[in-house]
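> My structure is stored as structure_8.txt, with compact mmCIF, C-alpha atoms.
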```txt
# COMPACT_ATOMS: atom_id res chain seq x y z
CA MET A 15 64.94 -18.25 -28.07
CA LYS A 16 63.72 -15.91 -25.34
CA THR A 17 66.05 -14.10 -23.11
CA PRO A 18 65.72 -14.47 -19.34
CA ARG A 19 64.35 -10.92 -19.23
CA GLN A 20 61.62 -11.83 -21.75
CA LEU A 21 60.80 -15.01 -19.85
CA CYS A 22 60.47 -13.04 -16.64
CA ALA A 23 58.12 -10.52 -18.31
CA SER A 24 55.95 -13.34 -19.71
CA ALA A 25 55.73 -15.03 -16.32
CA CYS A 26 54.71 -11.77 -14.69
CA THR A 27 52.04 -11.16 -17.34
CA LEU A 28 50.68 -14.67 -16.84
CA LEU A 29 50.60 -14.20 -13.09
CA MET A 30 48.78 -10.87 -13.40
CA LEU A 31 46.25 -12.37 -15.83
CA THR A 32 45.60 -15.25 -13.46
CA LEU A 33 45.02 -12.87 -10.57
CA VAL A 34 42.71 -10.60 -12.59
CA VAL A 35 40.66 -13.48 -14.04
CA GLY A 36 40.44 -15.07 -10.60
CA GLU A 37 39.26 -11.80 -9.11
CA VAL A 38 36.65 -11.25 -11.82
CA SER A 39 35.28 -14.78 -11.65
CA ALA A 40 35.14 -14.60 -7.85
CA GLN A 41 33.19 -11.36 -8.11
CA ARG A 42 30.69 -12.91 -10.52
CA ASP A 43 30.26 -16.09 -8.53
CA PRO A 44 26.98 -15.79 -6.61
CA PHE A 45 28.29 -18.28 -4.02
CA THR A 46 31.36 -16.28 -3.07
CA SER A 47 31.26 -13.17 -0.94
CA PRO A 48 33.00 -10.22 -2.59
CA ARG A 49 36.36 -9.19 -1.18
CA SER A 50 35.15 -5.61 -1.24
CA PRO A 51 31.62 -4.19 -1.64
CA ASP A 52 30.57 -4.56 -5.26
CA GLY A 53 26.92 -3.56 -5.02
CA ARG A 54 25.61 -7.09 -4.81
CA VAL A 55 23.04 -7.93 -2.15
CA PRO A 56 23.66 -10.79 0.29
CA VAL A 57 20.70 -13.16 0.50
CA THR A 58 20.48 -16.05 2.93
CA LEU A 59 18.60 -19.09 1.67
CA VAL A 60 17.14 -21.32 4.36
CA LEU A 61 15.78 -24.76 3.56
CA VAL A 62 13.23 -26.03 6.08
CA SER A 63 10.44 -28.59 6.11
CA ASN A 64 7.28 -26.51 6.54
CA GLY A 65 5.19 -27.48 3.52
CA LEU A 66 4.63 -23.80 2.70
CA SER A 67 5.33 -21.59 -0.28
CA PRO A 68 8.53 -19.54 -0.21
CA ALA A 69 8.68 -16.60 2.18
CA ILE A 70 10.78 -13.47 2.04
CA MET A 71 12.04 -11.62 5.10
CA ARG A 72 13.58 -8.16 4.86
CA ARG A 73 14.69 -7.69 8.43
CA ALA A 74 15.53 -4.33 9.91
CA GLY A 75 18.14 -5.22 12.46
CA ALA A 76 18.52 -8.93 12.89
CA GLU A 77 21.21 -10.66 10.86
CA PRO A 78 20.93 -11.99 8.25
CA ARG A 79 18.84 -9.14 6.88
CA ASN A 80 17.65 -10.73 3.63
CA VAL A 81 16.22 -14.21 4.07
CA ILE A 82 14.37 -16.52 1.70
CA VAL A 83 12.78 -19.51 3.38
CA LEU A 84 12.14 -22.50 1.09
CA ASP A 85 10.36 -25.76 1.76
CA ALA A 86 12.58 -28.82 1.31
CA GLY A 87 9.71 -30.82 -0.12
CA SER A 88 8.68 -28.42 -2.85
CA ALA A 89 11.52 -25.97 -3.51
CA SER A 90 12.25 -25.50 -7.20
CA ALA A 91 14.57 -23.40 -9.30
CA ARG A 92 11.59 -21.36 -10.47
CA GLN A 93 10.40 -20.70 -6.94
CA LEU A 94 13.85 -19.59 -5.91
CA SER A 95 14.21 -17.40 -9.03
CA ASP A 96 10.87 -15.70 -8.44
CA ALA A 97 11.68 -15.18 -4.78
CA LEU A 98 15.03 -13.61 -5.62
CA PHE A 99 13.36 -11.41 -8.24
CA GLY A 100 10.65 -10.39 -5.77
CA LEU A 101 13.19 -9.57 -3.09
CA MET A 102 15.12 -7.40 -5.55
CA ILE A 103 11.90 -5.62 -6.61
CA MET A 104 11.12 -4.83 -2.98
CA GLU A 105 14.70 -3.71 -2.50
CA ALA A 106 14.47 -1.44 -5.57
CA HIS A 107 11.24 0.11 -4.29
CA ASP A 108 12.60 0.55 -0.78
CA PRO A 109 16.33 1.23 -1.15
CA ASN A 110 16.53 2.97 2.21
CA GLY A 111 14.99 0.03 4.01
CA SER A 112 12.22 2.01 5.66
CA LYS A 113 9.80 -0.88 5.15
CA ARG A 114 12.11 -3.46 6.68
CA SER A 115 10.82 -5.18 9.80
CA ASP A 116 11.99 -7.92 12.09
CA ASN A 117 8.38 -8.98 12.53
CA GLU A 118 7.26 -9.21 8.95
CA LEU A 119 7.26 -12.00 6.43
CA SER A 120 6.10 -11.77 2.80
CA ARG A 121 4.73 -14.21 0.27
CA PHE A 122 4.38 -13.25 -3.34
CA ARG A 123 2.65 -13.79 -6.65
CA LEU A 124 4.13 -12.82 -10.01
CA SER A 125 1.79 -11.79 -12.83
CA LYS A 126 3.62 -13.92 -15.39
CA SER A 127 6.55 -16.27 -15.46
CA ARG A 128 10.01 -14.94 -16.07
CA PRO A 129 13.26 -16.67 -17.00
CA VAL A 130 14.79 -18.82 -14.29
CA VAL A 131 17.99 -17.48 -12.75
CA SER A 132 20.83 -19.39 -14.37
CA TRP A 133 22.43 -20.56 -11.12
CA SER A 134 19.26 -21.30 -9.16
CA SER A 135 19.42 -25.08 -9.73
CA GLU A 136 22.99 -25.18 -8.52
CA ALA A 137 22.01 -23.08 -5.52
CA LEU A 138 19.36 -25.64 -4.56
CA ILE A 139 21.86 -28.51 -4.89
CA ARG A 140 24.32 -26.66 -2.67
CA LEU A 141 21.55 -25.79 -0.25
CA GLN A 142 20.44 -29.41 0.09
CA ALA A 143 24.01 -30.39 0.89
CA ALA A 144 24.61 -27.53 3.32
CA THR A 145 24.93 -28.06 7.04
CA THR A 146 22.03 -27.35 9.33
CA THR A 147 22.30 -24.04 11.15
CA ARG A 148 19.98 -22.25 13.54
CA ILE A 149 19.09 -18.73 12.47
CA ARG A 150 17.73 -16.41 15.12
CA GLY A 151 14.07 -15.69 14.52
CA VAL A 152 13.79 -18.28 11.76
CA GLY A 153 14.76 -21.61 13.26
CA ALA A 154 16.98 -24.46 12.13
CA GLY A 155 17.51 -25.25 8.48
CA ARG A 156 20.09 -25.79 5.81
CA VAL A 157 21.63 -22.43 5.06
CA LEU A 158 23.40 -20.99 2.04
CA GLU A 159 24.39 -17.40 1.41
CA VAL A 160 24.29 -16.08 -2.15
CA TRP A 161 25.21 -12.69 -3.56
CA VAL A 162 22.77 -11.18 -6.01
CA LYS A 163 23.10 -8.22 -8.32
CA PRO A 164 20.38 -5.62 -7.71
CA LEU A 165 17.90 -4.74 -10.40
CA PRO A 166 18.98 -2.01 -12.79
CA ALA A 167 17.25 1.35 -12.75
CA PRO A 168 13.58 0.94 -13.65
CA ALA A 169 12.40 1.74 -17.14
CA PRO A 170 10.93 5.25 -17.44
CA MET B 7 -32.62 27.11 34.54
CA PRO B 8 -32.81 28.05 30.90
CA GLY B 9 -30.42 25.25 29.84
CA VAL B 10 -32.54 22.48 31.31
CA SER B 11 -35.75 23.96 30.01
CA ARG B 12 -34.22 24.22 26.55
CA ILE B 13 -33.26 20.54 26.58
CA VAL B 14 -36.71 19.57 27.80
CA LEU B 15 -38.25 21.75 25.14
CA THR B 16 -36.02 20.25 22.47
CA ALA B 17 -36.79 16.69 23.54
CA ALA B 18 -40.50 17.46 23.63
CA LEU B 19 -40.33 19.07 20.22
CA ALA B 20 -38.36 16.19 18.77
CA GLY B 21 -40.71 13.63 20.32
CA CYS B 22 -43.73 15.50 18.99
CA LEU B 23 -42.21 15.63 15.52
CA ALA B 24 -41.44 11.93 15.66
CA VAL B 25 -44.95 11.05 16.80
CA LEU B 26 -46.50 13.20 14.10
CA GLY B 27 -44.17 11.76 11.49
CA CYS B 28 -42.70 15.18 10.81
CA ALA B 29 -39.15 14.36 11.83
CA ASP B 30 -36.61 14.67 9.09
CA GLN B 31 -36.59 11.01 8.20
CA ALA B 32 -34.35 11.67 5.22
CA THR B 33 -31.52 12.03 7.66
CA ALA B 34 -32.30 8.92 9.65
CA PRO B 35 -29.29 6.70 10.00
CA HIS B 36 -28.98 3.70 7.79
CA SER B 37 -26.40 1.00 7.87
CA SER B 38 -23.02 1.81 6.41
CA ALA B 39 -22.47 0.02 3.14
CA GLY B 40 -19.14 -1.26 1.91
CA VAL B 41 -18.03 -1.52 -1.67
CA GLN B 42 -19.69 -4.23 -3.70
CA LEU B 43 -17.16 -6.26 -5.62
CA ASN B 44 -18.76 -7.26 -8.91
CA SER B 45 -18.15 -7.43 -12.65
CA SER B 46 -18.40 -3.65 -13.03
CA ASN B 47 -15.34 -3.13 -10.86
CA ALA B 48 -13.32 -6.13 -11.90
CA HIS B 49 -10.04 -4.26 -11.43
CA LEU B 50 -10.89 -3.74 -7.78
CA LEU B 51 -9.34 -6.61 -5.87
CA SER B 52 -10.35 -5.49 -2.41
CA TYR B 53 -11.04 -2.38 -0.38
CA VAL B 54 -10.68 -1.02 3.12
CA LEU B 55 -13.23 1.42 4.57
CA ARG B 56 -11.97 3.58 7.43
CA THR B 57 -13.65 6.35 9.39
CA ASP B 58 -12.70 9.09 11.79
CA GLY B 59 -9.45 8.75 13.69
CA GLU B 60 -8.45 5.59 11.89
CA ALA B 61 -9.03 7.25 8.51
CA ASN B 62 -7.11 10.37 9.52
CA ALA B 63 -4.18 8.36 10.85
CA TRP B 64 -4.03 6.26 7.72
CA LEU B 65 -4.24 9.29 5.42
CA GLN B 66 -1.42 10.89 7.36
CA SER B 67 0.76 7.80 7.03
CA VAL B 68 0.10 7.67 3.28
CA TYR B 69 1.08 11.28 2.76
CA GLU B 70 4.13 11.09 4.94
CA ALA B 71 5.55 8.80 2.28
CA GLN B 72 4.68 11.15 -0.61
CA PRO B 73 6.61 14.11 -2.02
CA GLY B 74 5.72 17.16 0.04
CA GLY B 75 4.70 15.02 2.97
CA VAL B 76 1.91 15.73 5.40
CA ALA B 77 2.39 19.52 5.19
CA LEU B 78 1.49 19.55 1.52
CA PHE B 79 -1.44 17.26 2.18
CA GLU B 80 -2.79 19.51 4.95
CA GLN B 81 -2.42 22.48 2.62
CA ARG B 82 -4.38 20.64 -0.07
CA ARG B 83 -7.07 19.68 2.41
CA LEU B 84 -7.44 23.30 3.52
CA GLN B 85 -7.61 24.56 -0.06
CA GLY B 86 -10.06 21.89 -1.13
CA ARG B 87 -12.75 22.78 1.41
CA VAL B 88 -16.11 23.83 0.08
CA PHE B 89 -17.89 26.05 2.55
CA GLY B 90 -21.59 25.88 3.18
CA ALA B 91 -23.94 28.59 1.96
CA GLY B 92 -23.94 30.30 5.31
CA GLY B 93 -20.21 30.16 5.69
CA PRO B 94 -18.45 28.80 8.76
CA LEU B 95 -20.76 28.62 11.71
CA LEU B 96 -19.61 30.95 14.45
CA ASN B 97 -22.60 31.33 16.68
CA PRO B 98 -25.37 28.76 16.40
CA SER B 99 -28.18 31.01 17.50
CA GLU B 100 -31.02 28.65 16.86
CA GLY B 101 -30.18 26.34 19.76
CA ASP B 102 -30.78 22.63 20.13
CA GLU B 103 -34.02 22.61 18.24
CA GLY B 104 -32.48 24.30 15.22
CA PRO B 105 -31.15 22.48 12.22
CA ALA B 106 -27.76 20.93 11.70
CA VAL B 107 -25.39 23.02 9.61
CA ILE B 108 -22.64 21.89 7.29
CA ASN B 109 -19.74 24.31 7.60
CA TRP B 110 -17.49 22.83 4.97
CA SER B 111 -16.94 19.56 3.13
CA GLN B 112 -14.66 18.04 0.57
CA THR B 113 -13.78 14.98 -1.45
CA ILE B 114 -10.20 13.79 -1.97
CA VAL B 115 -8.94 11.37 -4.61
CA ASP B 116 -5.39 10.13 -5.04
CA ILE B 117 -3.89 7.50 -7.29
CA ILE B 118 -0.87 6.14 -5.47
CA THR B 119 0.38 2.65 -6.15
CA GLY B 120 -0.85 0.49 -3.30
CA ASN B 121 -2.59 3.44 -1.63
CA THR B 122 -5.19 4.65 -4.10
CA HIS B 123 -8.14 6.03 -2.21
CA VAL B 124 -11.24 8.18 -2.12
CA ALA B 125 -11.76 10.21 1.04
CA ALA B 126 -14.40 12.64 2.24
CA ASP B 127 -14.53 15.19 5.05
CA VAL B 128 -17.50 17.03 6.44
CA ASN B 129 -17.36 19.65 9.18
CA TYR B 130 -20.73 20.26 10.73
CA TYR B 131 -22.74 21.55 13.66
CA GLY B 132 -24.95 18.73 14.81
CA ASP B 133 -24.85 15.21 16.21
CA GLN B 134 -24.16 12.88 13.31
CA ALA B 135 -22.87 13.04 9.73
CA ARG B 136 -22.75 10.87 6.67
CA ASN B 137 -20.52 10.76 3.57
CA GLU B 138 -21.95 8.96 0.55
CA MET B 139 -19.05 8.51 -1.83
CA GLY B 140 -19.19 7.34 -5.42
CA TRP B 141 -16.36 7.01 -7.92
CA GLN B 142 -15.61 6.10 -11.51
CA ALA B 143 -12.38 5.12 -13.25
CA ILE B 144 -12.18 6.48 -16.80
CA SER B 145 -9.78 5.00 -19.34
CA LEU B 146 -7.00 7.37 -20.41
CA THR B 147 -6.91 5.76 -23.84
CA ASP B 148 -10.55 5.78 -24.96
CA GLY B 149 -12.51 7.59 -22.26
CA SER B 150 -14.62 4.57 -21.41
CA GLN B 151 -15.63 3.76 -17.87
CA LEU B 152 -13.43 0.98 -16.59
CA TRP B 153 -15.00 0.44 -13.19
CA SER B 154 -16.93 2.24 -10.52
CA GLY B 155 -18.06 1.90 -6.94
CA ASN B 156 -19.64 3.59 -3.99
CA SER B 157 -19.51 3.48 -0.25
CA THR B 158 -21.36 5.13 2.61
CA ALA B 159 -20.12 5.78 6.10
CA GLU B 160 -21.52 7.76 8.99
CA GLY B 161 -20.48 8.77 12.45
CA LEU B 162 -19.97 11.57 14.89
CA GLY B 163 -16.39 12.50 14.05
CA THR B 164 -14.01 14.45 16.22
CA LEU B 165 -14.61 17.83 17.87
CA ASP B 166 -13.31 20.45 15.49
CA GLY B 167 -14.30 24.09 15.75
CA GLY B 168 -16.31 24.57 18.89
CA PHE B 169 -19.40 23.43 20.74
CA ARG B 170 -21.20 20.59 18.95
CA THR B 171 -19.03 21.09 15.87
CA TYR B 172 -17.35 18.01 14.48
CA SER B 173 -15.34 16.81 11.51
CA PHE B 174 -16.21 13.40 10.19
CA THR B 175 -13.75 11.70 7.83
CA SER B 176 -14.27 8.55 5.83
CA ASP B 177 -11.81 6.91 3.50
CA VAL B 178 -11.95 3.99 1.10
CA GLN B 179 -8.64 2.43 0.10
CA LEU B 180 -8.92 0.70 -3.26
CA ASN B 181 -6.62 -2.25 -3.91
CA LEU B 182 -6.36 -2.61 -7.68
CA ASP B 183 -4.76 -4.98 -10.12
CA LYS B 184 -3.01 -2.02 -11.74
CA TYR B 185 -2.55 1.63 -10.86
CA CYS B 186 -2.12 3.20 -14.29
CA GLY B 187 -4.10 4.02 -17.42
CA PHE B 188 -7.11 5.65 -15.77
CA ARG B 189 -8.47 8.87 -14.32
CA LEU B 190 -10.39 8.56 -11.09
CA GLN B 191 -13.27 10.91 -10.41
CA ALA B 192 -15.31 10.88 -7.24
CA GLY B 193 -18.13 12.79 -5.66
CA THR B 194 -19.61 12.82 -2.19
CA THR B 195 -22.97 13.79 -0.79
CA HIS B 196 -22.40 15.01 2.75
CA SER B 197 -25.19 15.06 5.30
CA ALA B 198 -25.54 16.07 8.92
CA TRP B 199 -28.39 16.02 11.39
CA LYS B 200 -29.27 16.25 15.04
CA GLN B 201 -30.45 13.34 17.10
CA ILE B 202 -31.09 11.97 20.55
CA ARG B 203 -30.70 8.27 21.25
CA PHE B 204 -32.59 8.01 24.54
CA PRO B 205 -35.19 6.71 25.18
CA ILE B 206 -35.49 6.02 21.45
CA LEU B 207 -33.54 7.29 18.48
CA ILE B 208 -35.11 10.50 17.24
CA THR B 209 -33.52 12.54 14.50
CA TRP B 210 -34.40 16.08 13.50
CA GLY B 211 -32.92 19.18 12.11
CA GLN B 212 -32.85 19.91 8.45
CA ALA B 213 -30.01 17.87 7.03
CA GLN B 214 -27.93 20.00 4.79
CA SER B 215 -25.96 18.25 2.15
CA GLN B 216 -23.55 19.35 -0.48
CA PHE B 217 -21.96 17.51 -3.34
CA THR B 218 -18.22 17.86 -3.67
CA VAL B 219 -16.11 16.36 -6.43
CA ALA B 220 -12.46 15.54 -6.97
CA ASN B 221 -10.33 14.13 -9.76
CA ALA B 222 -6.97 12.46 -10.07
CA THR B 223 -5.24 11.45 -13.26
CA GLY B 224 -2.96 8.44 -13.20
CA GLU B 225 0.05 7.71 -15.29
CA THR B 226 -0.21 5.99 -18.65
CA CYS B 227 0.64 2.32 -18.42
CA PRO B 228 4.02 1.24 -19.76
CA PRO B 229 3.82 -0.81 -22.94
CA GLU B 230 3.16 -4.51 -22.44
CA GLY B 231 6.25 -6.63 -22.63
CA GLY B 232 8.27 -7.21 -25.69
CA GLY B 233 5.68 -7.51 -28.41
CA GLY B 234 5.09 -5.34 -31.40
CA GLY B 235 8.20 -5.99 -33.38
CA GLY B 236 9.66 -3.69 -36.01
CA GLY B 237 10.33 -0.07 -35.37
CA GLY B 238 13.62 -0.73 -33.64
CA GLY B 239 12.50 1.00 -30.39
CA PRO B 240 13.19 -0.34 -26.95
CA SER B 241 11.23 -3.38 -25.86
CA TYR B 242 9.81 -3.71 -22.39
CA THR B 243 8.98 -6.62 -20.19
CA CYS B 244 6.66 -5.68 -17.37
CA TYR B 245 5.74 -7.64 -14.29
CA THR B 246 3.24 -7.11 -11.55
CA TYR B 247 4.29 -8.55 -8.27
CA ALA B 248 1.77 -9.02 -5.47
CA VAL B 249 3.28 -9.29 -2.00
CA ASP B 250 1.18 -10.53 0.89
CA HIS B 251 2.57 -9.13 4.13
CA TYR B 252 2.24 -11.13 7.31
CA TYR B 253 2.99 -10.23 10.88
CA TYR B 254 5.58 -12.73 12.01
CA TYR B 255 6.12 -14.00 15.54
CA PRO B 256 9.77 -15.10 15.63
CA ASP B 257 9.32 -16.97 18.90
CA THR B 258 6.61 -19.29 17.63
CA GLY B 259 6.92 -18.99 13.86
CA GLU B 260 3.22 -18.11 13.61
CA VAL B 261 2.10 -15.64 10.97
CA GLU B 262 -0.93 -13.35 10.64
CA TYR B 263 -2.00 -11.80 7.34
CA ARG B 264 -1.86 -7.98 7.37
CA TYR B 265 -2.15 -6.50 3.87
CA THR B 266 -1.15 -6.91 0.23
CA ASP B 267 1.16 -4.60 -1.73
CA TYR B 268 1.40 -4.51 -5.50
CA TYR B 269 4.61 -3.66 -7.24
CA SER B 270 5.15 -3.20 -10.93
CA TRP B 271 8.48 -3.56 -12.61
CA CYS B 272 9.32 -2.90 -16.26
CA GLN B 273 12.60 -3.93 -17.76
CA ARG B 274 13.82 -2.33 -20.95
CA ASN B 275 15.89 -4.15 -23.53
CA GLY B 276 16.65 -7.35 -21.82
CA GLU B 277 16.41 -9.13 -18.55
CA TRP B 278 17.79 -8.86 -15.09
CA GLU B 279 21.24 -10.38 -14.98
CA THR B 280 22.03 -11.94 -11.67
```
Translate the structure of the given file into structure tokens.


Amino acid sequence: MKTPRQLCASACTLLMLTLVVGEVSAQRDPFTSPRSPDGRVPVTLVLVSNGLSPAIMRRAGAEPRNVIVLDAGSASARQLSDALFGLMIMEAHDPNGSKRSDNELSRFRLSKSRPVVSWSSEALIRLQAATTTRIRGVGAGRVLEVWVKPLPAPAP
Amino acid sequence: MPGVSRIVLTAALAGCLAVLGCADQATAPHSSAGVQLNSSNAHLLSYVLRTDGEANAWLQSVYEAQPGGVALFEQRRLQGRVFGAGGPLLNPSEGDEGPAVINWSQTIVDIITGNTHVAADVNYYGDQARNEMGWQAISLTDGSQLWSGNSTAEGLGTLDGGFRTYSFTSDVQLNLDKYCGFRLQAGTTHSAWKQIRFPILITWGQAQSQFTVANATGETCPPEGGGGGGGGGPSYTCYTYAVDHYYYYPDTGEVEYRYTDYYSWCQRNGEWET
């Protein structure tokens, strides 16, 4: 039989655990913006109907600054994964953003396939269900913001 | 009017030489040749040939992004000059009918990811110059020749050093499938001559040429991804990522291709966790 004092301590512990677990899972969730900066990079996915391969925009001033434009007819989890990987490579090579431009768009080719990002399929499902929004300089499309961990320091 | 008479005399002399077939035909202009993409330079994906102001501006932009910046590059360019046998030309006493003189020349090679290039400078007294560049990539592992190429460019250049004295710069940017595992050596034959274009092109003046060389050693390539087994050392997974850059018109959504960058990325012991 627990005393009221013990019961109170257990309830507090449970509450603290809930808060901590909730905080950690929120921080790891790529679909939730962090409550405070955690080093992850915000990336805006835009689904349009252009029949083109994915494009990456690293914009200098215009918001959103990191944009991946995907074609609704052909977007796949692999395409999205490679685009995210490519964006993070460019970010790692240009951490100060000196190569960013509001008038530049990039397409990419990877030398060999790499594992698909675990949440990329879910991101596409959410993107297809997202509301249509007009993004300045890009146009109208379904928009989803994801938060991506940067690449670790390169191998020596 | 000694100046006018000298010009008339020079034109007459040049015309006479041309008629008699005595003009220095070895220096006659020929069309600039780009790099031939073939099986011997399979690692060469594309190239850009620049001359004069465009080459100088591009070289400056490349070095601005490098450690030491433009100041270090200018220092290197000064130190790398090879002066002609007669030294810098201070007082061309032989006049218009005399030969062209090469004051100094040099070849520059740099292996920079995305900006690997072979460049040549020639400073001369005359009317036209030519840089004939050739290069070879030598494997760092077995010393074999991996690929090679050559390119020729000619032009007037920019005034640099006084009356009728110019510097002519040419630069070839090599876009490669990888920027490691080789040493790049290059050499240039520099030429200069005098010419008049009216009423017909006549060239004269002993073309003086020198051969300058330069070397650059690249980094060894990181091990190819993951394989090998045993040993217990770190495993690597390496990717090459080609990015085609387009100019983008936000108002219309139109795009124009500009250039391609190549990035490499090696991951040790595991993958990127998103």

> What is the atom CA of Met102 of chain A to atom CA of Ala86 of chain A distance in Å?

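We find that atom CA of Met102 of chain A and atom CA of Ala86 of chain A lie 22.6 Å from each other.
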
> Please identify all polymer residues within 9 Å of segment 162-164 of chain A, counting only C-alpha atoms, omitting same-chain residues fewer than 5 positions from it, and present them as a list in words.

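In the requested form, the answer reads Pro44, Asp52, Gly53, Arg54, Val55, Pro56, Val57, Leu98, Met102, Ile103, Glu105 and Ala106 of chain A; Trp278, Glu279 and Thr280 of chain B.
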
> Considering all atoms listed in the file, return as a ChimeraX atom specification whatever protein or nucleic-acid residues lie within 8 Å of segment 79-83 of chain A, sequence-local ones (same chain, fewer than 5 positions apart) excluded.

/A:56-62,68-74,97-98

> Atoms to include: C-alpha atoms. Write the selected residues as a PDB file, in the coordinates of the input.


```pdb
ATOM      1  CA  PRO A  56      23.660 -10.790   0.290  1.00  0.00           C
ATOM      2  CA  VAL A  57      20.700 -13.160   0.500  1.00  0.00           C
ATOM      3  CA  THR A  58      20.480 -16.050   2.930  1.00  0.00           C
ATOM      4  CA  LEU A  59      18.600 -19.090   1.670  1.00  0.00           C
ATOM      5  CA  VAL A  60      17.140 -21.320   4.360  1.00  0.00           C
ATOM      6  CA  LEU A  61      15.780 -24.760   3.560  1.00  0.00           C
ATOM      7  CA  VAL A  62      13.230 -26.030   6.080  1.00  0.00           C
ATOM      8  CA  PRO A  68       8.530 -19.540  -0.210  1.00  0.00           C
ATOM      9  CA  ALA A  69       8.680 -16.600   2.180  1.00  0.00           C
ATOM     10  CA  ILE A  70      10.780 -13.470   2.040  1.00  0.00           C
ATOM     11  CA  MET A  71      12.040 -11.620   5.100  1.00  0.00           C
ATOM     12  CA  ARG A  72      13.580  -8.160   4.860  1.00  0.00           C
ATOM     13  CA  ARG A  73      14.690  -7.690   8.430  1.00  0.00           C
ATOM     14  CA  ALA A  74      15.530  -4.330   9.910  1.00  0.00           C
ATOM     15  CA  ALA A  97      11.680 -15.180  -4.780  1.00  0.00           C
ATOM     16  CA  LEU A  98      15.030 -13.610  -5.620  1.00  0.00           C
TER      17      LEU A  98
END
```

> Quick one: residues within 6 Å of segment 55-69 of chain B, only C-alpha atoms counted, chain neighbours fewer than 6 positions away excluded, as a ChimeraX atom specification?

/B:75-76,163,174-178

> Identify the residues around (-23.7, 21.9, 9.8) within a radius of 6 Å, measuring from only C-alpha atoms in the coordinates stated by the file, and give them as an mmCIF file with C-alpha atoms, in the coordinates of the input.


```
data_model
loop_
_atom_site.group_PDB
_atom_site.id
_atom_site.type_symbol
_atom_site.label_atom_id
_atom_site.label_comp_id
_atom_site.auth_asym_id
_atom_site.auth_seq_id
_atom_site.Cartn_x
_atom_site.Cartn_y
_atom_site.Cartn_z
ATOM 1 C CA ALA B 106 -27.760 20.930 11.700
ATOM 2 C CA VAL B 107 -25.390 23.020 9.610
ATOM 3 C CA ILE B 108 -22.640 21.890 7.290
ATOM 4 C CA ASN B 109 -19.740 24.310 7.600
ATOM 5 C CA TYR B 130 -20.730 20.260 10.730
ATOM 6 C CA TYR B 131 -22.740 21.550 13.660
#
```

> Provide as a PDB file with C-alpha atoms, keeping the file's coordinate frame the residues of chain A at most 6 Å from chain B, counting all atoms listed in the file.


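Done, and the output landed in out17.pdb:
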```pdb
ATOM      1  CA  ASN A 117       8.380  -8.980  12.530  1.00  0.00           C
ATOM      2  CA  GLU A 118       7.260  -9.210   8.950  1.00  0.00           C
ATOM      3  CA  LEU A 119       7.260 -12.000   6.430  1.00  0.00           C
ATOM      4  CA  SER A 120       6.100 -11.770   2.800  1.00  0.00           C
ATOM      5  CA  ARG A 121       4.730 -14.210   0.270  1.00  0.00           C
ATOM      6  CA  PHE A 122       4.380 -13.250  -3.340  1.00  0.00           C
ATOM      7  CA  ARG A 123       2.650 -13.790  -6.650  1.00  0.00           C
ATOM      8  CA  LEU A 124       4.130 -12.820 -10.010  1.00  0.00           C
ATOM      9  CA  SER A 125       1.790 -11.790 -12.830  1.00  0.00           C
ATOM     10  CA  GLY A 151      14.070 -15.690  14.520  1.00  0.00           C
ATOM     11  CA  VAL A 162      22.770 -11.180  -6.010  1.00  0.00           C
ATOM     12  CA  LYS A 163      23.100  -8.220  -8.320  1.00  0.00           C
ATOM     13  CA  ALA A 169      12.400   1.740 -17.140  1.00  0.00           C
TER      14      ALA A 169
END
```

> From the options B:Thr209, B:Gln179, B:Ser150, B:Thr218, which residue's atoms come nearest to Ala192 of chain B, counting only C-alpha atoms?

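Closest to Ala192 of chain B of all the choices is B:Thr218.
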
> Applying 7 Å and all atoms listed in the file, which residues near Val130 of chain A remain after dropping the ones on its own chain fewer than 4 positions away? List them as number ranges by chain.

A: 91-92, 95

> Write the selection just made, keeping C-alpha atoms, as a CSV table (one decimal), keeping the file's coordinate frame?


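As a result, part.csv now contains:
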```csv
chain,number,residue,atom,x,y,z
A,91,ALA,CA,14.6,-23.4,-9.3
A,92,ARG,CA,11.6,-21.4,-10.5
A,95,SER,CA,14.2,-17.4,-9.0
```

> Suppose you want the space between atom CA of Ser63 of chain A and atom CA of Val160 of chain A; what is it in Å?

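So the two atoms, atom CA of Ser63 of chain A and atom CA of Val160 of chain A, lie 20.4 Å apart.
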
> Pick out the residues sitting within 9 Å of Ala126 of chain B, and hand them over as a list in words; count all atoms listed in the file, and ignore anything fewer than 2 positions along from it in its own chain.

Ser111, Gln112, Thr113, Ile114, Val115, Val124, Val128, Asn137, Glu138, Met139, Phe174, Thr175, Ser176, Asp177, Gly193, Thr194, His196 and Thr218 of chain B

> What does the distance from atom CA of Gly155 of chain B to atom CA of Gln142 of chain B come to in Å, to one decimal?

6.7 Å

> Determine, counting all atoms listed in the file, every residue of protein, DNA or RNA that lies within 9 Å of (-7.3, 15.2, -4.3) in the file coordinates, then give the result as a PyMOL selection string.

chain B and resi 79+82-83+86+113-117+124-125+220-222

> Identify which of the residues B:Gln201, B:Asn181, B:Gln216, B:Gln191 lies closest to Ala143 of chain B, counting all atoms listed in the file when measuring atom-to-atom distances.

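Using all atoms listed in the file, Ala143 of chain B sits closest to B:Gln191.
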